[in-house]
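Report on the structure given below.
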Amino acid sequence: MNPSTPKVLYQEANPYGSFTAFLEDDGRTIYLYLQSHNNPEWPMKTLWVRNLIDAPDLRVDEDFDVGLAPVLTKSEITDPNAQSSFTEDQIHFIWSEEGDAVALFVDEELQAYLPSWSGIKGVHGYAKFAKEEAPTASPLGDPENGVIAERVRTNRKFWESVAKKDHWKKAQQLRLDFLESKLGKHQTYWSADGGKYPSLGIASFLPKEFPGIKIFSTIGMSVQNQPSIELYHKDYENFSRIELVFAIQLSKEAEDKSETWIQHVLGEMVKFPWSTGIWFGHSHTIQNPRKDPDQLYLDFNWFVLRNVTEEIEQGIAESLPNLHGLVTENGKRANFLFLTPIATEERICFMREGSFKFWETWKKEGYSFFHDSERRMLEF
């Protein structure tokens with residue numbers, strides 16, 4: 001095969017429909033690639049899988065100049081002889097739970113793993129035939145045992161579990177039962193998944209403990225881990241599973257307009273982590289896609305997220321909805337992140353002064369977990 005006419009041997013989108021992995025044969029090598037559909041800032045990931053020609057003693061610098069995928073050298077691989085290509089029926093992918101990493105199986109054997117940290121600190125991924133650290137692959141190790149093999153087994157079990165017929169019914173009920181034990185019987189429920197995986201919903205509540213406050217919560221985001229979080233959070237397993245919450249103070253004089261916009265806000269954010277590979281966490285900010293019809297003094301163009309679950313477990317004195325204690329299917333907690341609407345000017349101060357100063361000022365002003373459409377600007 002001419003190196004200038006590479007052939008895609010197999011390609012597959014992840015179950016979220018947000019990333020595609022494909023194997024490419026250019027006549028000299030086979031590489032595994034991973035690309036994002038929705039996030040233009042997410043760089044293409046690459047991983048060498050095998051050579052299709054005898055390994056050279058040294059790489060040819062001109063190959064890089066003309067954009068050819070690097071061939072690994074004799075010292076970098078376990079077998080310097082040319083290997084054969086694949087047929088489509090030999091190939092099988094197992095995606096990570098988060099959807100941003102993929103394992104390659106050939107004839108039921110794990111041969112390569114492209115992780116979420118591919119491209120960071122020179123690591124591209126792990127390949128069976130890599131003998132030492134090379135520019136585009138690292139040794140896979142034992143394909144049956146070890147950290148990577150265990151990760152892949154865990155991911156396989158996750159996808160097998162969510163494929164069970166009654167999985168969503170049980171997951172939905174677990175979360176609704178928990179929320180109703182904390183906030184009272186739900187008022188309204190909306191489906192929020194558009195008929196595509198993952199299954200998701202939104203429910204509203206009028207908790208007796210907080211008269212005049214209406215609370216909306218997603219249902220089902222915490223069934224699966226968020227992508228990318230382990231790259232940034234040391235204790236990531238305790239923060240990987242979330243639900244988004246929006247609490248609003250209802251006007252005593254005006255009609256309740258909350259359902260004309262809030263469930264749409266949550267509906268537009270509910271798949272964001274898995275669509276983009278970007279995770280939600282405490283003090284993250286995100287643009288508000290909808291206008292508050294009752295806003296009086298401020299244009300609430302942004303949200304800052306607040307992890308109320310973490311604050312409660314740390315013993316905060318503020319009176320908050322008791323949204324902690326939900327243990328998800330993987331044995332880890334669900335984190336309830338409240339969307340706090342802020343103006344563009346407040347976000348500028350937030351970015352300049354930092355999250356600690358923002359929340360300190362927020363609480364000093366007497367603001368709480370719920371949105372007040374008529375509030376005034378924070379004074380930093």
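Chain labels follow the order of the structure tokens: the first chain is A, the next B, and so on; residue numbering restarts at 1 in every chain, and ligands are counted from 1 in their shown order.
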
As an NGL selection string, please: every residue in range 17-136 of chain A that a backbone DSSP assignment puts in helix (DSSP H, G or I).
:A and (61-65 or 74-76 or 88-90)

Skipping near chain neighbours, those fewer than 3 positions away, what residues fall within 10 Å of Leu183 in chain A using only C-alpha atoms, listed as a ChimeraX atom specification?
/A:177-180,186,204-210,214-215,321-323

Would you give me, as a PyMOL selection string, the residues in range 25-156 of chain A that DSSP reads as strand (DSSP E or B)?
chain A and resi 25+29-36+45-51+77+91-95+102-106+109-114+120+123+126-127+130+134+137-139

Counting only C-alpha atoms, which residues in range 201-309 of chain A sit no more than 10 Å from range 172-175 of chain A? For each one, give the nearest pair of atoms and the distance in Å, sorted by chain then residue number, as CSV.
```
residue,atom,partner,partner_atom,distance
A:Gly201,CA,A:Gln172,CA,8.2
A:Ser217,CA,A:Arg175,CA,9.9
A:Thr218,CA,A:Arg175,CA,9.3
A:Ile219,CA,A:Arg175,CA,6.4
A:Gly220,CA,A:Gln172,CA,6.4
A:Ser222,CA,A:Arg175,CA,8.9
A:Val223,CA,A:Gln172,CA,9.1
A:Glu243,CA,A:Arg175,CA,9.6
```

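Among the candidates A:Thr136, A:Leu72, A:Thr5, A:Ile278, the one nearest to Lys121 in chain A when counting only C-alpha atoms is A:Thr136.
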
With only C-alpha atoms as the atoms that count, which of A:Leu337, A:Leu200, A:Val327, A:Ala171 lies nearest to Arg306 in chain A?
A:Leu337

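Those residues that approach Lys128 in chain A to within 7 Å, counting only C-alpha atoms, are Gln111, Ala112, Pro139, Leu140 and Gly141 of chain A; same-chain residues fewer than 3 positions away are not listed.
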
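By only C-alpha atoms, and with residues fewer than 6 positions from range 36-41 of chain A along its chain excluded, the set lying at most 7 Å from it is A:Ser18, A:Phe19, A:Thr20, A:Ser275, A:Thr276.
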
Same residues, C-alpha atoms, saved as a compact mmCIF listing (two decimals), in the first residue's frame:
```
# COMPACT_ATOMS: atom_id res chain seq x y z
CA SER A 18 -19.20 12.16 21.12
CA PHE A 19 -15.86 10.54 20.26
CA THR A 20 -14.82 8.26 17.42
CA SER A 275 -20.41 15.43 24.70
CA THR A 276 -17.28 17.55 25.17
```

Within 9 Å of Leu52 in chain A using only C-alpha atoms, minus same-chain residues under 6 positions, as number ranges by chain:
A: 25-30, 71, 81-85

If you count only C-alpha atoms, the residue of A:Val152, A:Ala343, A:Ala203, A:Ile94 closest to Lys185 in chain A turns out to be A:Ala203

Nearby residues (only C-alpha atoms) at most 9 Å from Pro227 in chain A, same-chain spacing under 3 positions excluded, as a list of chain:residue names:
A:Glu97, A:Glu98, A:Gly99, A:Asp100, A:Ser116, A:Glu230, A:Ser240, A:Pro273, A:Trp274, A:Thr276, A:Gly277, A:Ile278, A:Trp279

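Using only C-alpha atoms, the smallest distance between any of A:Tyr236, A:Phe246, A:Tyr31, A:Tyr197 and Gly125 in chain A comes from A:Tyr31.
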
For Pro293 in chain A, which residue out of A:Phe86, A:Tyr113, A:Tyr16, A:Trp261 is the nearest one, using only C-alpha atoms?
A:Trp261

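Distance-wise, CA of Leu266 in chain A and CA of Arg376 in chain A end up 23.9 Å apart.
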